[in-house]
$ cat data_14.tsv   # TSV, C-alpha atoms
chain	number	residue	atom	x	y	z
A	1	MET	CA	1.99	38.17	1.58
A	2	LYS	CA	4.55	36.07	3.41
A	3	PHE	CA	4.97	32.38	2.66
A	4	ASP	CA	4.29	30.29	5.74
A	5	PRO	CA	5.99	26.88	5.34
A	6	LYS	CA	4.22	25.39	8.37
A	7	LYS	CA	0.83	26.43	7.07
A	8	ASN	CA	1.76	25.12	3.64
A	9	THR	CA	2.73	21.70	5.07
A	10	LEU	CA	-0.52	21.46	7.01
A	11	ALA	CA	-2.54	22.41	3.93
A	12	ARG	CA	-0.76	19.79	1.85
A	13	ILE	CA	-1.35	17.14	4.52
A	14	GLU	CA	-5.01	18.08	4.68
A	15	PHE	CA	-5.27	17.67	0.93
A	16	VAL	CA	-3.61	14.24	1.13
A	17	ARG	CA	-6.13	13.28	3.81
A	18	GLN	CA	-9.08	14.42	1.73
A	19	TYR	CA	-7.73	12.70	-1.36
A	20	ALA	CA	-7.27	9.45	0.59
A	21	GLY	CA	-10.88	9.78	1.72
A	22	TRP	CA	-11.99	10.04	-1.88
A	23	VAL	CA	-9.88	7.02	-2.90
A	24	LYS	CA	-11.46	5.00	-0.09
A	25	SER	CA	-14.93	5.97	-1.23
A	26	ALA	CA	-14.34	5.22	-4.90
A	27	GLU	CA	-14.32	1.91	-6.72
A	28	ASN	CA	-10.84	0.58	-7.46
A	29	LYS	CA	-11.31	0.91	-11.19
A	30	VAL	CA	-12.35	4.57	-10.79
A	31	TRP	CA	-9.48	5.91	-8.68
A	32	SER	CA	-6.90	3.72	-10.38
A	33	ARG	CA	-7.95	4.82	-13.86
A	34	GLN	CA	-7.52	8.45	-12.87
A	35	GLN	CA	-4.22	7.73	-11.17
A	36	ALA	CA	-3.00	5.80	-14.23
A	37	LYS	CA	-3.57	8.85	-16.43
A	38	LEU	CA	-1.41	10.94	-14.10
A	39	ILE	CA	1.38	8.40	-13.64
A	40	ASP	CA	1.47	7.36	-17.28
A	41	SER	CA	1.88	10.99	-18.28
A	42	PHE	CA	4.83	11.27	-15.84
A	43	MET	CA	6.36	8.22	-17.43
A	44	GLN	CA	5.87	9.59	-20.94
A	45	ASN	CA	7.42	12.88	-19.89
A	46	ALA	CA	10.39	11.09	-18.32
A	47	LYS	CA	11.25	9.71	-21.75
A	48	ASN	CA	12.00	13.28	-22.86
A	49	PHE	CA	14.77	13.75	-20.29
A	50	LYS	CA	18.11	13.74	-22.01
A	51	LEU	CA	19.96	12.07	-19.19
A	52	THR	CA	22.83	9.64	-19.32
A	53	PRO	CA	23.13	6.96	-16.63
A	54	GLU	CA	26.25	8.77	-15.37
A	55	LYS	CA	24.43	12.09	-15.02
A	56	TYR	CA	21.48	10.41	-13.39
A	57	LEU	CA	23.64	8.55	-10.88
A	58	ALA	CA	25.47	11.76	-10.03
A	59	MET	CA	22.09	13.43	-9.52
A	60	VAL	CA	20.74	10.80	-7.12
A	61	LYS	CA	24.03	10.13	-5.30
A	62	GLY	CA	23.63	10.23	-1.52
A	63	ARG	CA	19.86	10.08	-1.60
B	1	MET	CA	-11.05	1.39	-2.71
B	2	ARG	CA	-11.60	-2.29	-2.37
B	3	LEU	CA	-8.88	-4.47	-0.86
B	4	CYS	CA	-9.94	-8.04	-0.29
B	5	ALA	CA	-8.35	-10.80	1.69
B	6	GLY	CA	-8.10	-13.98	-0.28
B	7	ASN	CA	-8.75	-16.37	2.56
B	8	GLN	CA	-11.91	-15.17	4.25
B	9	ASP	CA	-15.38	-16.38	3.51
B	10	ALA	CA	-18.28	-14.40	2.17
B	11	SER	CA	-20.22	-14.08	5.42
B	12	GLU	CA	-17.27	-12.58	7.26
B	13	PHE	CA	-16.71	-10.37	4.29
B	14	LEU	CA	-20.27	-9.04	4.45
B	15	LEU	CA	-20.30	-8.64	8.21
B	16	ASP	CA	-17.12	-6.64	8.10
B	17	SER	CA	-18.68	-4.45	5.46
B	18	LEU	CA	-21.77	-3.94	7.58
B	19	MET	CA	-19.74	-2.91	10.59
B	20	ARG	CA	-17.73	-0.52	8.51
B	21	CYS	CA	-20.90	0.83	6.94
B	22	LEU	CA	-22.43	1.49	10.35
B	23	ALA	CA	-19.24	3.11	11.57
B	24	VAL	CA	-19.23	5.39	8.53
B	25	CYS	CA	-22.85	6.36	9.16
B	26	VAL	CA	-22.05	7.32	12.73
B	27	HIS	CA	-18.85	9.06	11.73
B	28	ARG	CA	-20.61	11.13	9.11
B	29	ARG	CA	-23.47	11.88	11.47
B	30	TRP	CA	-25.99	10.56	8.98
B	31	VAL	CA	-27.75	9.09	11.96
B	32	GLY	CA	-27.47	9.90	15.62
B	33	ASN	CA	-27.44	6.29	16.67
B	34	ALA	CA	-26.77	3.72	14.00
B	35	GLN	CA	-27.91	0.86	16.16
B	36	ASN	CA	-31.34	2.34	16.75
B	37	TYR	CA	-31.62	3.36	13.15
B	38	PHE	CA	-30.90	-0.04	11.74
B	39	PHE	CA	-32.30	-2.13	14.56
B	40	PRO	CA	-35.05	-0.08	16.21
B	41	ASN	CA	-36.60	-3.14	17.85
B	42	HIS	CA	-33.43	-4.84	18.98
B	43	SER	CA	-31.66	-3.70	22.06
B	44	ALA	CA	-28.86	-6.23	22.14
B	45	VAL	CA	-27.34	-5.96	18.72
B	46	SER	CA	-23.59	-5.78	18.81
B	47	PHE	CA	-21.37	-4.48	16.04
B	48	ASN	CA	-18.47	-6.47	17.27
B	49	ARG	CA	-17.12	-9.11	14.95
B	50	SER	CA	-16.94	-11.62	17.82
B	51	SER	CA	-20.73	-11.48	18.09
B	52	THR	CA	-21.32	-13.23	14.80
B	53	PRO	CA	-22.73	-16.54	16.05
B	54	HIS	CA	-23.41	-18.00	12.65
B	55	HIS	CA	-20.07	-17.40	11.09
B	56	GLY	CA	-19.71	-19.61	8.05
B	57	GLN	CA	-23.29	-19.45	6.84
B	58	ASN	CA	-24.20	-17.59	3.76
B	59	PRO	CA	-24.07	-13.80	4.20
B	60	SER	CA	-27.78	-13.03	4.41
B	61	ALA	CA	-28.49	-15.90	6.84
B	62	SER	CA	-25.62	-14.85	9.05
B	63	PHE	CA	-26.86	-11.34	9.07
B	64	ALA	CA	-30.47	-12.25	9.82
B	65	PHE	CA	-29.36	-14.08	12.95
B	66	TRP	CA	-26.93	-11.42	13.97
B	67	GLY	CA	-28.02	-9.80	17.20
B	68	ALA	CA	-29.94	-11.22	20.11
B	69	GLY	CA	-33.21	-9.34	19.58
B	70	GLY	CA	-33.73	-10.33	15.97
B	71	ARG	CA	-32.92	-13.99	16.20
B	72	GLY	CA	-34.31	-15.78	13.18
B	73	ARG	CA	-36.22	-12.80	11.83
B	74	THR	CA	-35.40	-10.52	9.00
B	75	THR	CA	-36.82	-7.08	9.61
B	76	SER	CA	-37.17	-4.33	7.06
B	77	ALA	CA	-34.36	-2.50	8.85
B	78	MET	CA	-32.14	-5.51	8.35
B	79	VAL	CA	-33.01	-5.72	4.69
B	80	GLN	CA	-32.28	-2.03	4.41
B	81	THR	CA	-28.91	-2.57	6.03
B	82	VAL	CA	-28.07	-5.48	3.77
B	83	LYS	CA	-28.92	-3.30	0.77
B	84	LEU	CA	-26.71	-0.57	2.12
B	85	ALA	CA	-23.97	-3.11	2.72
B	86	GLU	CA	-24.27	-4.26	-0.87
B	87	ILE	CA	-23.59	-0.70	-1.94
B	88	ILE	CA	-20.62	-0.63	0.38
B	89	LEU	CA	-19.38	-3.89	-1.13
B	90	VAL	CA	-19.32	-2.20	-4.47
B	91	THR	CA	-17.98	1.19	-3.48
B	92	MET	CA	-15.90	0.93	-0.35
B	93	GLU	CA	-14.14	-2.18	0.79
B	94	ILE	CA	-10.80	-2.32	2.48
B	95	ARG	CA	-9.75	-5.70	3.69
B	96	ARG	CA	-6.62	-7.60	4.37
B	97	GLY	CA	-5.81	-11.17	5.28
B	98	LYS	CA	-2.63	-12.33	6.88
B	99	ASN	CA	0.13	-11.37	4.46
B	100	LYS	CA	-2.25	-11.31	1.53
B	101	MET	CA	-4.39	-8.64	-0.10
B	102	SER	CA	-6.15	-8.16	-3.35
B	103	VAL	CA	-7.05	-4.96	-5.10
B	104	ASP	CA	-9.69	-6.06	-7.57
B	105	GLY	CA	-10.22	-3.89	-10.60
B	106	LYS	CA	-7.10	-1.74	-10.17
B	107	VAL	CA	-5.91	-0.40	-13.51
B	108	ALA	CA	-2.18	-1.05	-13.95
B	109	THR	CA	-0.04	2.01	-14.62
B	110	GLU	CA	3.13	2.00	-16.72
B	111	LEU	CA	4.99	2.08	-13.42
B	112	ASP	CA	3.12	-1.02	-12.21
B	113	CYS	CA	3.97	-2.81	-15.47
B	114	PHE	CA	7.66	-2.00	-15.02
B	115	VAL	CA	7.61	-3.25	-11.42
B	116	LEU	CA	5.73	-6.43	-12.29
B	117	ASP	CA	8.03	-7.27	-15.16
B	118	CYS	CA	11.30	-6.49	-13.40
B	119	ALA	CA	10.26	-8.05	-10.07
B	120	GLY	CA	9.02	-11.12	-11.93
B	121	ILE	CA	12.52	-11.73	-13.29
B	122	ILE	CA	14.20	-11.09	-9.94
B	123	GLU	CA	11.75	-13.40	-8.21
B	124	LYS	CA	13.12	-16.34	-10.22
B	125	THR	CA	16.30	-16.04	-8.13
B	126	THR	CA	15.30	-14.55	-4.80
B	127	PRO	CA	12.35	-13.33	-2.74
B	128	TYR	CA	11.96	-9.57	-2.65
B	129	VAL	CA	9.92	-6.83	-1.05
B	130	ILE	CA	9.17	-3.36	-2.37
B	131	VAL	CA	9.33	-0.59	0.21
B	132	SER	CA	8.86	3.15	0.50
B	133	GLY	CA	7.19	5.43	-2.07
B	134	TYR	CA	5.88	2.80	-4.47
B	135	VAL	CA	3.79	1.27	-1.67
B	136	ALA	CA	1.85	4.54	-1.32
B	137	ILE	CA	1.64	4.99	-5.08
B	138	PHE	CA	0.38	1.44	-5.58
B	139	PHE	CA	-2.53	2.16	-3.25
B	140	GLY	CA	-3.50	5.33	-5.06
B	141	ARG	CA	-1.27	8.19	-3.95
B	142	ALA	CA	-1.35	10.79	-6.73
B	143	ARG	CA	2.32	11.28	-7.40
B	144	GLY	CA	5.00	9.94	-9.67
B	145	THR	CA	8.39	8.49	-8.84
B	146	GLU	CA	11.54	7.87	-10.78
B	147	ASP	CA	12.70	4.89	-8.76
B	148	ILE	CA	11.30	1.95	-6.87
B	149	ASP	CA	13.04	0.65	-3.75
B	150	MET	CA	13.46	-3.10	-3.53
B	151	LEU	CA	15.01	-5.17	-0.74
B	152	ILE	CA	16.32	-8.67	-1.23
B	153	PRO	CA	18.04	-11.03	1.21
B	154	ARG	CA	21.80	-11.29	1.16
B	155	ILE	CA	22.16	-13.81	-1.68
B	156	LYS	CA	25.34	-15.60	-2.78
B	157	LYS	CA	27.42	-14.28	-5.64
B	158	ASP	CA	26.49	-17.09	-8.02
B	159	GLU	CA	22.78	-16.42	-7.42
B	160	PHE	CA	23.34	-12.76	-8.18
B	161	MET	CA	25.19	-13.69	-11.39
B	162	LYS	CA	22.19	-15.76	-12.42
B	163	MET	CA	19.84	-12.84	-11.74
B	164	HIS	CA	22.13	-10.48	-13.64
B	165	LYS	CA	22.05	-12.83	-16.63
B	166	ASN	CA	18.26	-13.22	-16.48
B	167	LEU	CA	17.74	-9.44	-16.39
B	168	ALA	CA	20.10	-8.84	-19.31
B	169	LYS	CA	18.35	-11.55	-21.30
B	170	GLU	CA	15.01	-9.79	-20.76
B	171	GLY	CA	16.25	-6.39	-21.94
B	172	TYR	CA	17.34	-4.79	-18.67
B	173	TYR	CA	20.64	-3.16	-17.79
B	174	PHE	CA	22.29	-1.69	-14.70
B	175	LEU	CA	22.73	2.07	-14.60
B	176	ASN	CA	25.89	1.62	-12.53
B	177	PRO	CA	28.98	1.21	-14.69
B	178	GLU	CA	30.37	-1.73	-12.67
B	179	ASP	CA	30.42	-5.24	-14.09
B	180	ALA	CA	28.44	-8.04	-12.43
B	181	GLU	CA	31.18	-8.75	-9.87
B	182	GLY	CA	31.47	-5.06	-9.06
B	183	LEU	CA	27.71	-4.76	-8.66
B	184	TYR	CA	27.69	-7.65	-6.23
B	185	ASP	CA	30.51	-6.01	-4.32
B	186	MET	CA	28.47	-2.79	-4.10
B	187	LEU	CA	25.52	-4.70	-2.66
B	188	ALA	CA	27.35	-7.00	-0.31
B	189	ASN	CA	30.33	-5.03	0.91
B	190	ASP	CA	29.60	-1.35	0.35
B	191	LYS	CA	25.91	-1.75	1.31
B	192	LEU	CA	24.93	0.40	-1.65
B	193	GLY	CA	21.95	0.18	-3.94
B	194	ILE	CA	22.24	-0.77	-7.60
B	195	ARG	CA	19.82	0.49	-10.23
B	196	ILE	CA	18.07	-1.55	-12.90
B	197	ALA	CA	16.21	-0.11	-15.89
B	198	LYS	CA	14.96	-1.18	-19.28
B	199	LYS	CA	17.57	-0.77	-22.01
B	200	ASN	CA	17.80	2.78	-23.40
B	201	THR	CA	15.84	4.23	-20.48
B	202	ILE	CA	16.77	5.71	-17.10
B	203	ILE	CA	13.33	6.30	-15.59
B	204	PRO	CA	11.76	4.34	-14.06
B	205	ASN	CA	14.45	2.28	-12.39
B	206	MET	CA	14.54	-0.28	-9.62
B	207	GLU	CA	16.97	0.43	-6.80
B	208	MET	CA	17.90	-2.88	-5.28
B	209	LYS	CA	19.56	-3.31	-1.89
B	210	PHE	CA	20.37	-6.17	0.44
B	211	VAL	CA	18.54	-6.10	3.76
B	212	LYS	CA	20.77	-4.27	6.21
B	213	ASP	CA	18.96	-4.11	9.57
B	214	GLY	CA	16.05	-5.38	11.61
B	215	PHE	CA	13.56	-3.05	9.95
B	216	ASP	CA	14.49	-4.27	6.47
B	217	ASP	CA	14.37	-7.82	7.73
B	218	PHE	CA	10.89	-7.28	9.18
B	219	SER	CA	9.65	-5.88	5.87
B	220	LEU	CA	10.97	-8.87	3.97
B	221	ARG	CA	9.75	-11.49	6.43
B	222	ASN	CA	6.30	-9.92	6.69
B	223	ARG	CA	5.90	-8.86	3.10
B	224	GLN	CA	2.36	-8.58	1.81
B	225	GLU	CA	1.42	-10.49	-1.30
B	226	VAL	CA	-0.79	-8.06	-3.20
B	227	VAL	CA	-2.80	-9.46	-6.09
B	228	PHE	CA	-4.54	-7.39	-8.72
B	229	GLY	CA	-6.01	-9.06	-11.76
B	230	LYS	CA	-3.57	-11.77	-12.79
B	231	ASN	CA	-0.68	-9.84	-11.31
B	232	ARG	CA	1.12	-10.21	-8.00
B	233	VAL	CA	3.60	-8.01	-6.22
B	234	TYR	CA	5.15	-8.13	-2.74
B	235	LEU	CA	4.96	-4.93	-0.72
B	236	ALA	CA	6.16	-3.96	2.74
B	237	PRO	CA	3.46	-4.00	5.44
B	238	PHE	CA	1.73	-0.71	6.27
B	239	GLU	CA	2.66	-1.17	9.94
B	240	ILE	CA	6.34	-0.45	9.31
B	241	GLN	CA	5.98	1.79	6.27
B	242	ILE	CA	4.12	4.54	8.12
B	243	PRO	CA	6.58	5.07	11.00
B	244	TYR	CA	9.54	4.60	8.63
B	245	LYS	CA	8.23	7.29	6.30
B	246	ILE	CA	7.77	9.65	9.24
B	247	ARG	CA	11.38	9.01	10.22
B	248	LEU	CA	12.60	9.85	6.72
B	249	SER	CA	10.83	13.16	7.39
B	250	SER	CA	10.88	14.91	4.00
B	251	GLU	CA	7.63	16.59	2.99
B	252	LYS	CA	6.99	13.85	0.43
B	253	ASP	CA	7.67	11.07	2.96
B	254	ILE	CA	5.36	12.56	5.58
B	255	GLU	CA	2.61	12.94	3.01
B	256	ASP	CA	3.12	9.30	1.99
B	257	ALA	CA	2.83	8.27	5.66
B	258	VAL	CA	-0.37	10.25	6.13
B	259	TYR	CA	-1.80	8.78	2.94
B	260	LEU	CA	-0.98	5.19	3.95
B	261	TRP	CA	-2.44	5.81	7.38
B	262	GLU	CA	-5.69	7.19	5.99
B	263	ILE	CA	-6.02	4.25	3.61
B	264	SER	CA	-5.25	1.57	6.18
B	265	LYS	CA	-6.39	2.91	9.55
B	266	ASP	CA	-9.51	0.75	9.60
B	267	PHE	CA	-7.61	-2.53	9.48
B	268	ILE	CA	-4.01	-1.78	10.42
B	269	ASP	CA	-2.43	-3.39	13.48
B	270	ARG	CA	-2.17	-0.26	15.62
B	271	LYS	CA	-0.08	-1.94	18.31
B	272	ALA	CA	2.54	-2.85	15.72
B	273	VAL	CA	2.52	0.71	14.35
B	274	ALA	CA	2.95	2.10	17.87
B	275	ALA	CA	5.83	-0.30	18.51
B	276	PHE	CA	7.62	0.85	15.36
B	277	PHE	CA	7.05	4.47	16.27
B	278	ARG	CA	8.77	3.77	19.60
B	279	GLU	CA	11.60	1.79	17.97
B	280	LEU	CA	12.26	4.50	15.43
B	281	LYS	CA	11.88	7.22	18.05
B	282	VAL	CA	9.38	9.22	16.01
B	283	ARG	CA	5.79	10.34	16.53
B	284	GLY	CA	2.87	10.53	14.15
B	285	ASP	CA	0.33	12.38	16.28
B	286	LYS	CA	1.29	15.81	15.01
B	287	TYR	CA	0.31	14.58	11.54
B	288	GLY	CA	-2.94	13.05	12.74
B	289	ILE	CA	-1.57	9.52	12.98
B	290	GLU	CA	-3.00	8.56	16.34
B	291	VAL	CA	-2.20	5.01	17.38
$ encode --input "data_14.tsv" --output "structure tokens"
Amino acid sequence: MKFDPKKNTLARIEFVRQYAGWVKSAENKVWSRQQAKLIDSFMQNAKNFKLTPEKYLAMVKGR
Amino acid sequence: MRLCAGNQDASEFLLDSLMRCLAVCVHRRWVGNAQNYFFPNHSAVSFNRSSTPHHGQNPSASFAFWGAGGRGRTTSAMVQTVKLAEIILVTMEIRRGKNKMSVDGKVATELDCFVLDCAGIIEKTTPYVIVSGYVAIFFGRARGTEDIDMLIPRIKKDEFMKMHKNLAKEGYYFLNPEDAEGLYDMLANDKLGIRIAKKNTIIPNMEMKFVKDGFDDFSLRNRQEVVFGKNRVYLAPFEIQIPYKIRLSSEKDIEDAVYLWEISKDFIDRKAVAAFFRELKVRGDKYGIEV
């Protein structure tokens, strides 16, 4: 099977659209609680990166 | 999602909800004709906000008088609609006042806490606006970020020194190796961003820049005060964020733009969005952003 980047982009956008629809239909405390679990786990994970400020700045340079 | 404007009264709040509720019913094809469903005996009911003759009364009274056919009477259909609107008030409410929004009940993430704390210190010296990815994340986009983009006006060196001191006092440091003078030079002369994080951490960090063009200036001048709980943060308006994200054009940025559009399309100023699309020479229609 061949990877189709255009199809992939459209599928991702469709998911974003559906997800936004769910957020709009949910109470703030419901969607935000679920989102907090996801984001807080990203933040926890970020603490495990052994990066120095120098390495990080080199990584994001030109962004 | 419920976003509430802080400066609008309850009747307008309810009427807006009713109109949105009816629109949703039609959109979802729950009923063929929402007007006939809700107001079978009233031929002249309008769902336009301008047709709310008793604006300012309490919500139920305003609603009972809403529509020419049902003047002064509350029919079972009306009661049914009010009940439905009450459900909508609880489950789906997106509203915005001029430059002010509230997101009641939002649970703060660790990222939100970082932004609130850091921005709170910066705010003692200068106004600010947060732009780009964090705006989408704040309103529910399910993704993480390592940095938050903040714009501030071009402040004087002594004001920056004061901010630098305040941040250091509260346990923040700058990832860039430059001293305070060098950091100011980066901002003012090299037009570069400088990064602020909590001591002994790298992520998350706040990338701060001076406003550099008309788009940045618009974001700062028209920043939205967003209140949730006892917290307050200033975010760039949706109207510029969506076209700007499309212009950035990475997969992540386009998804952010689509997300913001879906969240805000019921209340966004479409003319302003269209104007920014023209200014930035980009189009949103191929992503379903039809203004």
$ interface_residues --input "data_14.tsv" --of "chain A" --to "chain B" --cutoff "8 Å" --atoms "all atoms listed in the file" --output "MDAnalysis selection string"
chainID A and resid 9 12:13 16:17 20:21 23:29 31:33 35:40 42:43 46:47 51:54 56:57
$ write_last_selection --input "data_14.tsv" --atoms "C-alpha atoms" --output "short mmCIF file (atom, residue, chain, number, x, y, z; two decimals), in the coordinates of the input"
data_model
loop_
_atom_site.label_atom_id
_atom_site.label_comp_id
_atom_site.auth_asym_id
_atom_site.auth_seq_id
_atom_site.Cartn_x
_atom_site.Cartn_y
_atom_site.Cartn_z
CA THR A 9 2.73 21.70 5.07
CA ARG A 12 -0.76 19.79 1.85
CA ILE A 13 -1.35 17.14 4.52
CA VAL A 16 -3.61 14.24 1.13
CA ARG A 17 -6.13 13.28 3.81
CA ALA A 20 -7.27 9.45 0.59
CA GLY A 21 -10.88 9.78 1.72
CA VAL A 23 -9.88 7.02 -2.90
CA LYS A 24 -11.46 5.00 -0.09
CA SER A 25 -14.93 5.97 -1.23
CA ALA A 26 -14.34 5.22 -4.90
CA GLU A 27 -14.32 1.91 -6.72
CA ASN A 28 -10.84 0.58 -7.46
CA LYS A 29 -11.31 0.91 -11.19
CA TRP A 31 -9.48 5.91 -8.68
CA SER A 32 -6.90 3.72 -10.38
CA ARG A 33 -7.95 4.82 -13.86
CA GLN A 35 -4.22 7.73 -11.17
CA ALA A 36 -3.00 5.80 -14.23
CA LYS A 37 -3.57 8.85 -16.43
CA LEU A 38 -1.41 10.94 -14.10
CA ILE A 39 1.38 8.40 -13.64
CA ASP A 40 1.47 7.36 -17.28
CA PHE A 42 4.83 11.27 -15.84
CA MET A 43 6.36 8.22 -17.43
CA ALA A 46 10.39 11.09 -18.32
CA LYS A 47 11.25 9.71 -21.75
CA LEU A 51 19.96 12.07 -19.19
CA THR A 52 22.83 9.64 -19.32
CA PRO A 53 23.13 6.96 -16.63
CA GLU A 54 26.25 8.77 -15.37
CA TYR A 56 21.48 10.41 -13.39
CA LEU A 57 23.64 8.55 -10.88
#
$ atom_distance --input "data_14.tsv" --atom1 "CA of Val60 in chain A" --atom2 "CA of Lys7 in chain A"
29.0 Å
$ axis_aligned_box --input "data_14.tsv" --around "range 14-21 of chain A" --padding-each-side "6 Å" --output "lines of an AutoDock Vina configuration file"
center_x = -7.2
center_y = 13.8
center_z = 1.7
size_x = 19.3
size_y = 20.6
size_z = 18.0
$ residues_near_point --input "data_14.tsv" --point "(11.8, -8.4, -10.7)" --cutoff "10 Å" --atoms "all atoms listed in the file" --output "ChimeraX atom specification"
/B:114-129,150,163,166-167,196,206,208,233
$ write_last_selection --input "data_14.tsv" --atoms "C-alpha atoms" --output "mmCIF file, keeping the file's coordinate frame"
data_model
loop_
_atom_site.group_PDB
_atom_site.id
_atom_site.type_symbol
_atom_site.label_atom_id
_atom_site.label_comp_id
_atom_site.auth_asym_id
_atom_site.auth_seq_id
_atom_site.Cartn_x
_atom_site.Cartn_y
_atom_site.Cartn_z
ATOM 1 C CA PHE B 114 7.660 -2.000 -15.020
ATOM 2 C CA VAL B 115 7.610 -3.250 -11.420
ATOM 3 C CA LEU B 116 5.730 -6.430 -12.290
ATOM 4 C CA ASP B 117 8.030 -7.270 -15.160
ATOM 5 C CA CYS B 118 11.300 -6.490 -13.400
ATOM 6 C CA ALA B 119 10.260 -8.050 -10.070
ATOM 7 C CA GLY B 120 9.020 -11.120 -11.930
ATOM 8 C CA ILE B 121 12.520 -11.730 -13.290
ATOM 9 C CA ILE B 122 14.200 -11.090 -9.940
ATOM 10 C CA GLU B 123 11.750 -13.400 -8.210
ATOM 11 C CA LYS B 124 13.120 -16.340 -10.220
ATOM 12 C CA THR B 125 16.300 -16.040 -8.130
ATOM 13 C CA THR B 126 15.300 -14.550 -4.800
ATOM 14 C CA PRO B 127 12.350 -13.330 -2.740
ATOM 15 C CA TYR B 128 11.960 -9.570 -2.650
ATOM 16 C CA VAL B 129 9.920 -6.830 -1.050
ATOM 17 C CA MET B 150 13.460 -3.100 -3.530
ATOM 18 C CA MET B 163 19.840 -12.840 -11.740
ATOM 19 C CA ASN B 166 18.260 -13.220 -16.480
ATOM 20 C CA LEU B 167 17.740 -9.440 -16.390
ATOM 21 C CA ILE B 196 18.070 -1.550 -12.900
ATOM 22 C CA MET B 206 14.540 -0.280 -9.620
ATOM 23 C CA MET B 208 17.900 -2.880 -5.280
ATOM 24 C CA VAL B 233 3.600 -8.010 -6.220
#
$ closest_residue --input "data_14.tsv" --among "A:Asn8, A:Trp22, A:Gly62, A:Glu14" --to "Gln34 in chain A" --atoms "all atoms listed in the file"
A:Trp22
$ atom_distance --input "data_14.tsv" --atom1 "CA of Lys265 in chain B" --atom2 "CA of Lys245 in chain B"
15.6 Å
$ atom_distance --input "data_14.tsv" --atom1 "CA of Lys162 in chain B" --atom2 "CA of Ala180 in chain B"
9.9 Å
